[in-house]
file protein.cif (mmCIF, C-alpha atoms, pLDDT in the B column; chains and numbers go by the auth columns)
data_start
loop_
_atom_site.group_PDB
_atom_site.id
_atom_site.type_symbol
_atom_site.label_atom_id
_atom_site.label_comp_id
_atom_site.label_asym_id
_atom_site.label_seq_id
_atom_site.Cartn_x
_atom_site.Cartn_y
_atom_site.Cartn_z
_atom_site.B_iso_or_equiv
_atom_site.auth_seq_id
_atom_site.auth_asym_id
ATOM 1 C CA GLU A 1 4.656 11.867 28.753 68.00 78 A
ATOM 2 C CA PRO A 2 1.731 12.345 31.214 71.00 79 A
ATOM 3 C CA LEU A 3 0.855 8.656 30.841 64.00 80 A
ATOM 4 C CA ASP A 4 4.485 7.676 31.443 65.00 81 A
ATOM 5 C CA LYS A 5 4.597 9.748 34.622 64.00 82 A
ATOM 6 C CA ALA A 6 1.255 8.460 35.864 62.00 83 A
ATOM 7 C CA GLY A 7 2.271 4.832 35.404 59.00 84 A
ATOM 8 C CA ALA A 8 5.876 5.125 36.576 56.00 85 A
ATOM 9 C CA SER A 9 5.112 3.594 39.978 56.00 86 A
ATOM 10 C CA GLU A 10 3.474 0.553 38.349 67.00 87 A
ATOM 11 C CA VAL A 11 5.333 -0.044 35.077 75.00 88 A
ATOM 12 C CA SER A 12 8.545 1.821 34.356 80.00 89 A
ATOM 13 C CA ARG A 13 9.163 3.050 30.823 85.00 90 A
ATOM 14 C CA MET A 14 12.667 1.621 31.318 89.00 91 A
ATOM 15 C CA THR A 15 11.313 -1.929 31.117 88.00 92 A
ATOM 16 C CA PRO A 16 12.011 -3.591 27.752 89.00 93 A
ATOM 17 C CA LEU A 17 8.441 -3.654 26.429 84.00 94 A
ATOM 18 C CA LEU A 18 7.934 0.089 26.970 87.00 95 A
ATOM 19 C CA PHE A 19 11.497 1.199 26.260 92.00 96 A
ATOM 20 C CA ASP A 20 11.303 -0.238 22.750 92.00 97 A
ATOM 21 C CA VAL A 21 8.257 1.849 21.794 88.00 98 A
ATOM 22 C CA ARG A 22 9.223 5.145 23.474 88.00 99 A
ATOM 23 C CA GLY A 23 11.662 7.891 22.652 90.00 100 A
ATOM 24 C CA ILE A 24 13.882 7.702 19.571 95.00 101 A
ATOM 25 C CA VAL A 25 14.941 4.044 19.457 96.00 102 A
ATOM 26 C CA PRO A 26 12.086 3.103 17.059 95.00 103 A
ATOM 27 C CA ILE A 27 13.826 5.327 14.484 96.00 104 A
ATOM 28 C CA GLY A 28 17.016 3.308 14.867 97.00 105 A
ATOM 29 C CA TYR A 29 15.084 0.049 14.670 97.00 106 A
ATOM 30 C CA ALA A 30 13.246 1.116 11.492 97.00 107 A
ATOM 31 C CA PHE A 31 16.424 2.301 9.750 97.00 108 A
ATOM 32 C CA PHE A 32 18.338 -0.853 10.627 97.00 109 A
ATOM 33 C CA ALA A 33 15.458 -3.171 9.643 97.00 110 A
ATOM 34 C CA PHE A 34 15.102 -1.449 6.274 96.00 111 A
ATOM 35 C CA VAL A 35 18.809 -1.639 5.422 97.00 112 A
ATOM 36 C CA LEU A 36 18.965 -5.205 6.743 97.00 113 A
ATOM 37 C CA GLY A 37 16.151 -6.155 4.346 96.00 114 A
ATOM 38 C CA VAL A 38 17.976 -4.517 1.434 95.00 115 A
ATOM 39 C CA ALA A 39 21.239 -6.275 2.275 95.00 116 A
ATOM 40 C CA VAL A 40 19.605 -9.679 2.680 95.00 117 A
ATOM 41 C CA GLY A 41 17.669 -9.131 -0.558 94.00 118 A
ATOM 42 C CA MET A 42 20.911 -8.414 -2.422 92.00 119 A
ATOM 43 C CA LEU A 43 22.427 -11.653 -1.155 92.00 120 A
ATOM 44 C CA VAL A 44 19.416 -13.957 -1.438 91.00 121 A
ATOM 45 C CA ARG A 45 17.657 -12.403 -4.451 85.00 122 A
ATOM 46 C CA ARG A 46 14.366 -14.090 -3.591 91.00 123 A
ATOM 47 C CA ALA A 47 11.830 -11.743 -2.086 92.00 124 A
ATOM 48 C CA LEU A 48 9.963 -14.101 0.250 94.00 125 A
ATOM 49 C CA VAL A 49 13.138 -15.738 1.537 94.00 126 A
ATOM 50 C CA ALA A 50 14.745 -12.335 2.076 94.00 127 A
ATOM 51 C CA MET A 51 11.686 -11.098 3.985 95.00 128 A
ATOM 52 C CA ALA A 52 11.682 -14.218 6.188 96.00 129 A
ATOM 53 C CA VAL A 53 15.404 -13.968 6.958 96.00 130 A
ATOM 54 C CA THR A 54 15.062 -10.250 7.735 96.00 131 A
ATOM 55 C CA VAL A 55 12.194 -10.868 10.160 97.00 132 A
ATOM 56 C CA VAL A 56 14.076 -13.696 11.912 97.00 133 A
ATOM 57 C CA VAL A 57 17.325 -11.726 12.292 96.00 134 A
ATOM 58 C CA PHE A 58 15.606 -8.529 13.426 97.00 135 A
ATOM 59 C CA THR A 59 13.381 -10.399 15.918 96.00 136 A
ATOM 60 C CA ALA A 60 16.413 -12.203 17.348 96.00 137 A
ATOM 61 C CA LEU A 61 18.131 -8.841 17.867 95.00 138 A
ATOM 62 C CA GLN A 62 15.041 -7.358 19.510 95.00 139 A
ATOM 63 C CA ILE A 63 15.097 -10.228 22.018 95.00 140 A
ATOM 64 C CA ALA A 64 18.856 -10.363 22.549 96.00 141 A
ATOM 65 C CA VAL A 65 19.589 -6.635 22.958 96.00 142 A
ATOM 66 C CA PRO A 66 17.343 -6.005 26.019 95.00 143 A
ATOM 67 C CA LEU A 67 18.640 -9.153 27.708 94.00 144 A
ATOM 68 C CA LEU A 68 22.330 -9.176 26.803 95.00 145 A
ATOM 69 C CA VAL A 69 23.343 -5.689 25.646 96.00 146 A
ATOM 70 C CA ARG A 70 21.160 -2.893 27.044 96.00 147 A
ATOM 71 C CA PRO A 71 21.742 -3.710 30.751 95.00 148 A
ATOM 72 C CA TYR A 72 25.487 -3.131 30.223 95.00 149 A
ATOM 73 C CA LEU A 73 25.475 -0.074 27.973 95.00 150 A
ATOM 74 C CA LEU A 74 25.922 1.958 31.160 96.00 151 A
ATOM 75 C CA PRO A 75 27.113 0.715 34.570 96.00 152 A
ATOM 76 C CA PRO A 76 24.027 -0.216 36.624 95.00 153 A
ATOM 77 C CA THR A 77 23.518 0.918 40.216 95.00 154 A
ATOM 78 C CA THR A 78 23.823 -1.639 43.029 95.00 155 A
ATOM 79 C CA ALA A 79 22.197 -1.126 46.421 93.00 156 A
ATOM 80 C CA THR A 80 21.939 -3.383 49.477 93.00 157 A
ATOM 81 C CA VAL A 81 18.961 -2.483 51.658 92.00 158 A
ATOM 82 C CA GLU A 82 17.069 -3.735 54.678 92.00 159 A
ATOM 83 C CA ILE A 83 13.779 -5.496 54.057 89.00 160 A
ATOM 84 C CA THR A 84 11.048 -3.278 55.502 88.00 161 A
ATOM 85 C CA ARG A 85 7.328 -2.769 55.138 83.00 162 A
ATOM 86 C CA ASP A 86 7.949 0.442 53.181 85.00 163 A
ATOM 87 C CA ASN A 87 10.175 -1.084 50.499 87.00 164 A
ATOM 88 C CA LEU A 88 8.574 -4.536 50.311 84.00 165 A
ATOM 89 C CA GLY A 89 7.712 -5.357 46.714 85.00 166 A
ATOM 90 C CA GLY A 90 6.602 -8.937 47.206 82.00 167 A
ATOM 91 C CA LEU A 91 6.661 -11.661 49.842 77.00 168 A
ATOM 92 C CA MET A 92 5.646 -15.186 48.939 77.00 169 A
ATOM 93 C CA ALA A 93 5.536 -18.578 50.624 69.00 170 A
ATOM 94 C CA GLU A 94 4.413 -21.806 48.988 63.00 171 A
ATOM 95 C CA GLY A 95 2.671 -22.877 52.188 59.00 172 A
ATOM 96 C CA PRO A 96 2.268 -21.989 55.885 57.00 173 A
ATOM 97 C CA ASN A 97 5.486 -23.823 56.818 60.00 174 A
ATOM 98 C CA SER A 98 7.516 -22.828 53.762 65.00 175 A
ATOM 99 C CA PRO A 99 10.466 -20.421 53.549 72.00 176 A
ATOM 100 C CA LEU A 100 9.777 -16.912 52.280 78.00 177 A
ATOM 101 C CA GLN A 101 10.748 -15.453 48.916 83.00 178 A
ATOM 102 C CA VAL A 102 11.204 -11.682 49.017 85.00 179 A
ATOM 103 C CA GLU A 103 11.446 -8.847 46.527 89.00 180 A
ATOM 104 C CA VAL A 104 11.916 -5.170 47.365 90.00 181 A
ATOM 105 C CA LYS A 105 11.110 -2.018 45.451 89.00 182 A
ATOM 106 C CA SER A 106 13.821 0.093 43.896 87.00 183 A
ATOM 107 C CA PRO A 107 14.745 3.356 45.659 86.00 184 A
ATOM 108 C CA ASP A 108 13.822 4.971 42.333 87.00 185 A
ATOM 109 C CA PRO A 109 10.157 4.198 41.476 82.00 186 A
ATOM 110 C CA GLY A 110 10.785 4.487 37.734 84.00 187 A
ATOM 111 C CA ALA A 111 13.879 2.283 37.677 90.00 188 A
ATOM 112 C CA TRP A 112 14.498 -0.849 35.642 93.00 189 A
ATOM 113 C CA ILE A 113 15.426 -3.588 38.127 92.00 190 A
ATOM 114 C CA LEU A 114 17.905 -6.094 36.729 94.00 191 A
ATOM 115 C CA THR A 115 18.523 -8.183 39.848 93.00 192 A
ATOM 116 C CA ASN A 116 16.526 -8.535 43.063 92.00 193 A
ATOM 117 C CA GLU A 117 18.220 -11.082 45.328 92.00 194 A
ATOM 118 C CA THR A 118 18.310 -11.930 49.024 92.00 195 A
ATOM 119 C CA LEU A 119 21.574 -12.079 51.001 93.00 196 A
ATOM 120 C CA ASP A 120 22.117 -13.907 54.269 90.00 197 A
ATOM 121 C CA LYS A 121 24.161 -12.469 57.129 90.00 198 A
ATOM 122 C CA SER A 122 27.359 -13.782 55.489 91.00 199 A
ATOM 123 C CA GLY A 123 26.583 -11.950 52.257 89.00 200 A
ATOM 124 C CA ASN A 124 25.757 -15.113 50.330 91.00 201 A
ATOM 125 C CA ILE A 125 22.900 -15.153 47.828 90.00 202 A
ATOM 126 C CA VAL A 126 19.997 -17.306 49.041 88.00 203 A
ATOM 127 C CA ARG A 127 16.783 -18.253 47.285 84.00 204 A
ATOM 128 C CA ASN A 128 14.590 -18.147 50.400 81.00 205 A
ATOM 129 C CA ILE A 129 14.494 -16.627 53.855 82.00 206 A
ATOM 130 C CA ALA A 130 14.530 -19.446 56.405 76.00 207 A
ATOM 131 C CA ILE A 131 11.828 -18.071 58.676 70.00 208 A
ATOM 132 C CA ASN A 132 8.712 -20.119 59.262 60.00 209 A
ATOM 133 C CA ALA A 133 5.664 -18.169 58.131 50.00 210 A
ATOM 134 C CA HIS A 134 3.423 -20.130 60.515 42.00 211 A
ATOM 135 C CA GLN A 135 5.532 -20.330 63.666 48.00 212 A
ATOM 136 C CA GLY A 136 7.165 -16.964 63.142 54.00 213 A
ATOM 137 C CA ALA A 137 5.740 -13.490 62.881 63.00 214 A
ATOM 138 C CA CYS A 138 5.063 -13.316 59.157 69.00 215 A
ATOM 139 C CA ALA A 139 1.437 -14.333 59.137 63.00 216 A
ATOM 140 C CA PRO A 140 -0.810 -11.682 57.530 62.00 217 A
ATOM 141 C CA ASP A 141 -1.449 -8.700 59.757 62.00 218 A
ATOM 142 C CA PRO A 142 -5.220 -8.225 60.259 64.00 219 A
ATOM 143 C CA ALA A 143 -4.738 -4.523 60.983 65.00 220 A
ATOM 144 C CA ALA A 144 -2.862 -3.715 57.760 63.00 221 A
ATOM 145 C CA PRO A 145 -2.134 -5.344 54.416 61.00 222 A
ATOM 146 C CA GLY A 146 0.868 -7.644 54.438 64.00 223 A
ATOM 147 C CA PRO A 147 2.861 -9.123 57.317 70.00 224 A
ATOM 148 C CA ALA A 148 3.151 -7.527 60.750 71.00 225 A
ATOM 149 C CA GLU A 149 6.092 -5.304 61.666 78.00 226 A
ATOM 150 C CA THR A 150 7.431 -8.091 63.896 79.00 227 A
ATOM 151 C CA CYS A 151 8.015 -10.110 60.719 80.00 228 A
ATOM 152 C CA PHE A 152 10.465 -7.529 59.401 83.00 229 A
ATOM 153 C CA GLU A 153 12.143 -7.332 62.803 84.00 230 A
ATOM 154 C CA ALA A 154 12.644 -11.105 62.732 83.00 231 A
ATOM 155 C CA ILE A 155 14.114 -10.908 59.219 86.00 232 A
ATOM 156 C CA ARG A 156 16.432 -8.107 60.359 87.00 233 A
ATOM 157 C CA GLN A 157 17.606 -10.089 63.408 87.00 234 A
ATOM 158 C CA LEU A 158 18.425 -13.069 61.210 86.00 235 A
ATOM 159 C CA GLY A 159 20.670 -10.779 59.157 90.00 236 A
ATOM 160 C CA TYR A 160 18.883 -10.956 55.814 91.00 237 A
ATOM 161 C CA GLU A 161 19.177 -8.055 53.382 92.00 238 A
ATOM 162 C CA GLN A 162 18.156 -7.480 49.789 93.00 239 A
ATOM 163 C CA ARG A 163 20.528 -6.545 46.990 94.00 240 A
ATOM 164 C CA ILE A 164 19.099 -4.859 43.931 95.00 241 A
ATOM 165 C CA VAL A 165 20.861 -3.958 40.700 95.00 242 A
ATOM 166 C CA TYR A 166 18.999 -1.404 38.611 95.00 243 A
ATOM 167 C CA HIS A 167 19.106 1.405 36.093 95.00 244 A
ATOM 168 C CA ALA A 168 17.571 4.580 37.493 93.00 245 A
ATOM 169 C CA ALA A 169 14.792 6.367 35.630 90.00 246 A
ATOM 170 C CA ASP A 170 17.135 9.185 34.584 92.00 247 A
ATOM 171 C CA ARG A 171 19.082 6.665 32.485 94.00 248 A
ATOM 172 C CA PHE A 172 16.185 6.493 30.005 93.00 249 A
ATOM 173 C CA TRP A 173 17.465 9.099 27.542 95.00 250 A
ATOM 174 C CA PRO A 174 21.179 8.166 27.746 97.00 251 A
ATOM 175 C CA LEU A 175 20.255 4.546 27.003 97.00 252 A
ATOM 176 C CA GLN A 176 17.922 5.676 24.228 97.00 253 A
ATOM 177 C CA TRP A 177 20.677 7.664 22.532 97.00 254 A
ATOM 178 C CA ILE A 178 23.308 4.928 22.924 97.00 255 A
ATOM 179 C CA GLU A 179 21.061 2.151 21.628 97.00 256 A
ATOM 180 C CA THR A 180 19.802 4.292 18.743 97.00 257 A
ATOM 181 C CA GLY A 181 23.412 5.065 17.843 97.00 258 A
ATOM 182 C CA LEU A 182 24.291 1.357 17.844 96.00 259 A
ATOM 183 C CA TYR A 183 21.432 0.526 15.472 97.00 260 A
ATOM 184 C CA LEU A 184 22.318 3.457 13.214 97.00 261 A
ATOM 185 C CA LEU A 185 25.939 2.334 13.182 97.00 262 A
ATOM 186 C CA LEU A 186 24.898 -1.203 12.223 96.00 263 A
ATOM 187 C CA GLY A 187 22.572 0.216 9.580 96.00 264 A
ATOM 188 C CA PHE A 188 25.263 2.422 8.026 97.00 265 A
ATOM 189 C CA GLY A 189 27.651 -0.536 8.083 96.00 266 A
ATOM 190 C CA LEU A 190 25.136 -2.625 6.147 95.00 267 A
ATOM 191 C CA ALA A 191 24.509 0.309 3.776 96.00 268 A
ATOM 192 C CA GLY A 192 28.241 0.474 3.088 95.00 269 A
ATOM 193 C CA PHE A 193 28.236 -3.242 2.358 94.00 270 A
ATOM 194 C CA CYS A 194 25.314 -2.770 -0.061 93.00 271 A
ATOM 195 C CA PHE A 195 27.114 -0.020 -1.987 93.00 272 A
ATOM 196 C CA TYR A 196 30.245 -2.163 -2.100 93.00 273 A
ATOM 197 C CA ARG A 197 28.277 -5.072 -3.581 89.00 274 A
ATOM 198 C CA ILE A 198 26.642 -2.800 -6.166 89.00 275 A
ATOM 199 C CA ARG A 199 30.000 -1.338 -7.290 88.00 276 A
ATOM 200 C CA ARG A 200 31.575 -4.800 -7.462 85.00 277 A
ATOM 201 C CA ASN A 201 28.698 -6.168 -9.519 80.00 278 A
ATOM 202 C CA LEU A 202 28.879 -3.192 -11.907 83.00 279 A
ATOM 203 C CA THR A 203 32.600 -3.659 -12.440 78.00 280 A
#

call {"tool": "encode", "arguments": {"input": "protein.cif", "output": "structure tokens"}}
result
Amino acid sequence: EPLDKAGASEVSRMTPLLFDVRGIVPIGYAFFAFVLGVAVGMLVRRALVAMAVTVVVFTALQIAVPLLVRPYLLPPTTATVEITRDNLGGLMAEGPNSPLQVEVKSPDPGAWILTNETLDKSGNIVRNIAINAHQGACAPDPAAPGPAETCFEAIRQLGYEQRIVYHAADRFWPLQWIETGLYLLLGFGLAGFCFYRIRRNLT
């Protein structure tokens, strides 16, 4: 817990790599993987093949769930914010005359950011901010790290804002419980299938 708190501003424990090894979800993963191996072994009846199939299926789930399921287990929070020096997470240009690509930080430092996209003054999603980093005011500020304050004023005048979709840090335990419950439910379903197969084979 102290390490999680100390690193929250850099790497949130809500991010998939840390979420999967924290809290109680590893219990759900272990239970499901074990029962999955038993079920596959009952169907295949060849140990090495069953082990390979189990690893492939479980790995596919471990990739798919953080990308396709976990973000929608609870409704994420959406916020549209101005782009300022204080909330700037990243500002990149491919060259001195190239448009800018912007990312902002979440209002919650421990949040899991799902979407970080720039909107123009009409509310349309744009890939870049059409402000010239060389002719405009976004050259590096010698007095402070990053662009000068006039850069952010120019971005504001052009009507650009940033929309972020995220899960706040306090969603960690609710998501842990929900995802663990899903894996336990899948595991018990497979266990029921295993007992059904055993009874059918005995009869």

call {"tool": "closest_residue", "arguments": {"input": "protein.cif", "among": "A:Met169, A:Arg233, A:Cys228, A:Ile104", "to": "Arg204 of chain A", "atoms": "all atoms listed in the file"}}
result
A:Met169

call {"tool": "closest_residue", "arguments": {"input": "protein.cif", "among": "A:Thr155, A:Ser183, A:Thr195, A:Ser89", "to": "Gln239 of chain A", "atoms": "all atoms listed in the file"}}
result
A:Thr195

call {"tool": "closest_atom_pairs", "arguments": {"input": "protein.cif", "of": "segment 234-280 of chain A", "to": "segment 133-148 of chain A", "cutoff": "12 Å", "atoms": "all atoms listed in the file", "output": "JSON lines"}}
result
{"residue": "A:Val242", "atom": "CA", "partner": "A:Pro148", "partner_atom": "CA", "distance": 10.0}
{"residue": "A:Tyr243", "atom": "CA", "partner": "A:Pro148", "partner_atom": "CA", "distance": 8.6}
{"residue": "A:His244", "atom": "CA", "partner": "A:Pro148", "partner_atom": "CA", "distance": 7.9}
{"residue": "A:Ala245", "atom": "CA", "partner": "A:Pro148", "partner_atom": "CA", "distance": 11.5}
{"residue": "A:Arg248", "atom": "CA", "partner": "A:Pro148", "partner_atom": "CA", "distance": 10.9}
{"residue": "A:Phe249", "atom": "CA", "partner": "A:Arg147", "partner_atom": "CA", "distance": 11.0}
{"residue": "A:Pro251", "atom": "CA", "partner": "A:Arg147", "partner_atom": "CA", "distance": 11.1}
{"residue": "A:Leu252", "atom": "CA", "partner": "A:Arg147", "partner_atom": "CA", "distance": 7.5}
{"residue": "A:Gln253", "atom": "CA", "partner": "A:Arg147", "partner_atom": "CA", "distance": 9.6}
{"residue": "A:Trp254", "atom": "CA", "partner": "A:Arg147", "partner_atom": "CA", "distance": 11.5}
{"residue": "A:Ile255", "atom": "CA", "partner": "A:Arg147", "partner_atom": "CA", "distance": 9.1}
{"residue": "A:Glu256", "atom": "CA", "partner": "A:Arg147", "partner_atom": "CA", "distance": 7.4}
{"residue": "A:Thr257", "atom": "CA", "partner": "A:Arg147", "partner_atom": "CA", "distance": 11.1}
{"residue": "A:Leu259", "atom": "CA", "partner": "A:Val146", "partner_atom": "CA", "distance": 10.6}
{"residue": "A:Tyr260", "atom": "CA", "partner": "A:Leu138", "partner_atom": "CA", "distance": 10.2}
{"residue": "A:Leu263", "atom": "CA", "partner": "A:Leu138", "partner_atom": "CA", "distance": 11.7}
{"residue": "A:Gly264", "atom": "CA", "partner": "A:Phe135", "partner_atom": "CA", "distance": 11.8}

call {"tool": "atom_distance", "arguments": {"input": "protein.cif", "atom1": "atom CA of Pro103 of chain A", "atom2": "atom CA of Ile190 of chain A"}}
result
22.4 Å

call {"tool": "closest_residue", "arguments": {"input": "protein.cif", "among": "A:Val179, A:Ile206, A:Leu262, A:Ala231", "to": "Leu165 of chain A", "atoms": "all atoms listed in the file"}}
result
A:Val179

call {"tool": "atom_distance", "arguments": {"input": "protein.cif", "atom1": "atom CA of Pro79 of chain A", "atom2": "atom CA of Pro152 of chain A"}}
result
28.1 Å

call {"tool": "resolve_selection", "arguments": {"input": "protein.cif", "expression": "the PyMOL selection byres ((chain A and resi 117) around 12)", "output": "PyMOL selection string"}}
result
chain A and resi 109-116+118-135+267-268+270-271+274

call {"tool": "write_last_selection", "arguments": {"input": "protein.cif", "atoms": "C-alpha atoms", "output": "PDB file, in the frame of the given file"}}
result
ATOM      1  CA  PHE A 109      18.338  -0.853  10.627  1.00 97.00           C
ATOM      2  CA  ALA A 110      15.458  -3.171   9.643  1.00 97.00           C
ATOM      3  CA  PHE A 111      15.102  -1.449   6.274  1.00 96.00           C
ATOM      4  CA  VAL A 112      18.809  -1.639   5.422  1.00 97.00           C
ATOM      5  CA  LEU A 113      18.965  -5.205   6.743  1.00 97.00           C
ATOM      6  CA  GLY A 114      16.151  -6.155   4.346  1.00 96.00           C
ATOM      7  CA  VAL A 115      17.976  -4.517   1.434  1.00 95.00           C
ATOM      8  CA  ALA A 116      21.239  -6.275   2.275  1.00 95.00           C
ATOM      9  CA  GLY A 118      17.669  -9.131  -0.558  1.00 94.00           C
ATOM     10  CA  MET A 119      20.911  -8.414  -2.422  1.00 92.00           C
ATOM     11  CA  LEU A 120      22.427 -11.653  -1.155  1.00 92.00           C
ATOM     12  CA  VAL A 121      19.416 -13.957  -1.438  1.00 91.00           C
ATOM     13  CA  ARG A 122      17.657 -12.403  -4.451  1.00 85.00           C
ATOM     14  CA  ARG A 123      14.366 -14.090  -3.591  1.00 91.00           C
ATOM     15  CA  ALA A 124      11.830 -11.743  -2.086  1.00 92.00           C
ATOM     16  CA  LEU A 125       9.963 -14.101   0.250  1.00 94.00           C
ATOM     17  CA  VAL A 126      13.138 -15.738   1.537  1.00 94.00           C
ATOM     18  CA  ALA A 127      14.745 -12.335   2.076  1.00 94.00           C
ATOM     19  CA  MET A 128      11.686 -11.098   3.985  1.00 95.00           C
ATOM     20  CA  ALA A 129      11.682 -14.218   6.188  1.00 96.00           C
ATOM     21  CA  VAL A 130      15.404 -13.968   6.958  1.00 96.00           C
ATOM     22  CA  THR A 131      15.062 -10.250   7.735  1.00 96.00           C
ATOM     23  CA  VAL A 132      12.194 -10.868  10.160  1.00 97.00           C
ATOM     24  CA  VAL A 133      14.076 -13.696  11.912  1.00 97.00           C
ATOM     25  CA  VAL A 134      17.325 -11.726  12.292  1.00 96.00           C
ATOM     26  CA  PHE A 135      15.606  -8.529  13.426  1.00 97.00           C
ATOM     27  CA  LEU A 267      25.136  -2.625   6.147  1.00 95.00           C
ATOM     28  CA  ALA A 268      24.509   0.309   3.776  1.00 96.00           C
ATOM     29  CA  PHE A 270      28.236  -3.242   2.358  1.00 94.00           C
ATOM     30  CA  CYS A 271      25.314  -2.770  -0.061  1.00 93.00           C
ATOM     31  CA  ARG A 274      28.277  -5.072  -3.581  1.00 89.00           C
TER      32      ARG A 274
END

call {"tool": "atom_distance", "arguments": {"input": "protein.cif", "atom1": "atom CA of Glu180 of chain A", "atom2": "atom CA of Pro224 of chain A"}}
result
13.8 Å

call {"tool": "closest_residue", "arguments": {"input": "protein.cif", "among": "A:Gly105, A:Pro186, A:Gly167, A:Gly200", "to": "Phe265 of chain A", "atoms": "all atoms listed in the file"}}
result
A:Gly105

call {"tool": "closest_residue", "arguments": {"input": "protein.cif", "among": "A:Val98, A:Tyr106, A:Glu238, A:Thr280", "to": "Ile202 of chain A", "atoms": "all atoms listed in the file"}}
result
A:Glu238

call {"tool": "residues_around", "arguments": {"input": "protein.cif", "residues": "Asn164 of chain A", "least_positions_apart": "3", "cutoff": "6 Å", "atoms": "only C-alpha atoms", "output": "ChimeraX atom specification"}}
result
/A:161,181-182

call {"tool": "resolve_selection", "arguments": {"input": "protein.cif", "expression": "the PyMOL selection byres ((chain A and resi 230) around 12)", "output": "ChimeraX atom specification"}}
result
/A:159-162,208,213-215,224-229,231-238

call {"tool": "build_atoms", "arguments": {"input": "protein.cif", "residues": "segment 189-203 of chain A", "atoms": "N, CA, C and O atoms", "output": "PDB file, in the frame of the given file"}}
result
ATOM      1  N   TRP A 189      14.554   0.479  36.266  1.00 93.00           N
ATOM      2  CA  TRP A 189      14.498  -0.849  35.642  1.00 93.00           C
ATOM      3  C   TRP A 189      15.360  -1.767  36.500  1.00 93.00           C
ATOM      4  O   TRP A 189      16.574  -1.657  36.524  1.00 93.00           O
ATOM      5  N   ILE A 190      14.721  -2.689  37.222  1.00 92.00           N
ATOM      6  CA  ILE A 190      15.426  -3.588  38.127  1.00 92.00           C
ATOM      7  C   ILE A 190      15.954  -4.779  37.345  1.00 92.00           C
ATOM      8  O   ILE A 190      15.194  -5.502  36.699  1.00 92.00           O
ATOM      9  N   LEU A 191      17.261  -4.984  37.424  1.00 94.00           N
ATOM     10  CA  LEU A 191      17.905  -6.094  36.729  1.00 94.00           C
ATOM     11  C   LEU A 191      18.021  -7.317  37.623  1.00 94.00           C
ATOM     12  O   LEU A 191      17.860  -8.448  37.163  1.00 94.00           O
ATOM     13  N   THR A 192      18.332  -7.090  38.893  1.00 93.00           N
ATOM     14  CA  THR A 192      18.523  -8.183  39.848  1.00 93.00           C
ATOM     15  C   THR A 192      17.888  -7.799  41.172  1.00 93.00           C
ATOM     16  O   THR A 192      18.044  -6.666  41.632  1.00 93.00           O
ATOM     17  N   ASN A 193      17.174  -8.753  41.770  1.00 92.00           N
ATOM     18  CA  ASN A 193      16.526  -8.535  43.063  1.00 92.00           C
ATOM     19  C   ASN A 193      16.747  -9.815  43.865  1.00 92.00           C
ATOM     20  O   ASN A 193      15.998 -10.779  43.739  1.00 92.00           O
ATOM     21  N   GLU A 194      17.822  -9.838  44.685  1.00 92.00           N
ATOM     22  CA  GLU A 194      18.220 -11.082  45.328  1.00 92.00           C
ATOM     23  C   GLU A 194      18.447 -10.890  46.817  1.00 92.00           C
ATOM     24  O   GLU A 194      18.838  -9.817  47.276  1.00 92.00           O
ATOM     25  N   THR A 195      18.196 -11.954  47.566  1.00 92.00           N
ATOM     26  CA  THR A 195      18.310 -11.930  49.024  1.00 92.00           C
ATOM     27  C   THR A 195      19.692 -12.406  49.446  1.00 92.00           C
ATOM     28  O   THR A 195      20.217 -13.381  48.895  1.00 92.00           O
ATOM     29  N   LEU A 196      20.271 -11.716  50.437  1.00 93.00           N
ATOM     30  CA  LEU A 196      21.574 -12.079  51.001  1.00 93.00           C
ATOM     31  C   LEU A 196      21.400 -12.507  52.445  1.00 93.00           C
ATOM     32  O   LEU A 196      20.613 -11.900  53.193  1.00 93.00           O
ATOM     33  N   ASP A 197      22.138 -13.544  52.852  1.00 90.00           N
ATOM     34  CA  ASP A 197      22.117 -13.907  54.269  1.00 90.00           C
ATOM     35  C   ASP A 197      23.134 -13.057  55.025  1.00 90.00           C
ATOM     36  O   ASP A 197      23.781 -12.169  54.451  1.00 90.00           O
ATOM     37  N   LYS A 198      23.292 -13.323  56.308  1.00 90.00           N
ATOM     38  CA  LYS A 198      24.161 -12.469  57.129  1.00 90.00           C
ATOM     39  C   LYS A 198      25.627 -12.575  56.736  1.00 90.00           C
ATOM     40  O   LYS A 198      26.434 -11.710  57.093  1.00 90.00           O
ATOM     41  N   SER A 199      25.985 -13.642  55.972  1.00 91.00           N
ATOM     42  CA  SER A 199      27.359 -13.782  55.489  1.00 91.00           C
ATOM     43  C   SER A 199      27.563 -13.142  54.126  1.00 91.00           C
ATOM     44  O   SER A 199      28.665 -13.171  53.582  1.00 91.00           O
ATOM     45  N   GLY A 200      26.490 -12.579  53.566  1.00 89.00           N
ATOM     46  CA  GLY A 200      26.583 -11.950  52.257  1.00 89.00           C
ATOM     47  C   GLY A 200      26.403 -12.906  51.097  1.00 89.00           C
ATOM     48  O   GLY A 200      26.630 -12.524  49.945  1.00 89.00           O
ATOM     49  N   ASN A 201      25.981 -14.134  51.383  1.00 91.00           N
ATOM     50  CA  ASN A 201      25.757 -15.113  50.330  1.00 91.00           C
ATOM     51  C   ASN A 201      24.343 -14.966  49.763  1.00 91.00           C
ATOM     52  O   ASN A 201      23.396 -14.651  50.489  1.00 91.00           O
ATOM     53  N   ILE A 202      24.207 -15.213  48.466  1.00 90.00           N
ATOM     54  CA  ILE A 202      22.900 -15.153  47.828  1.00 90.00           C
ATOM     55  C   ILE A 202      22.106 -16.397  48.203  1.00 90.00           C
ATOM     56  O   ILE A 202      22.593 -17.522  48.103  1.00 90.00           O
ATOM     57  N   VAL A 203      20.880 -16.194  48.670  1.00 88.00           N
ATOM     58  CA  VAL A 203      19.997 -17.306  49.041  1.00 88.00           C
ATOM     59  C   VAL A 203      18.679 -17.157  48.291  1.00 88.00           C
ATOM     60  O   VAL A 203      18.245 -16.050  47.976  1.00 88.00           O
TER      61      VAL A 203
END
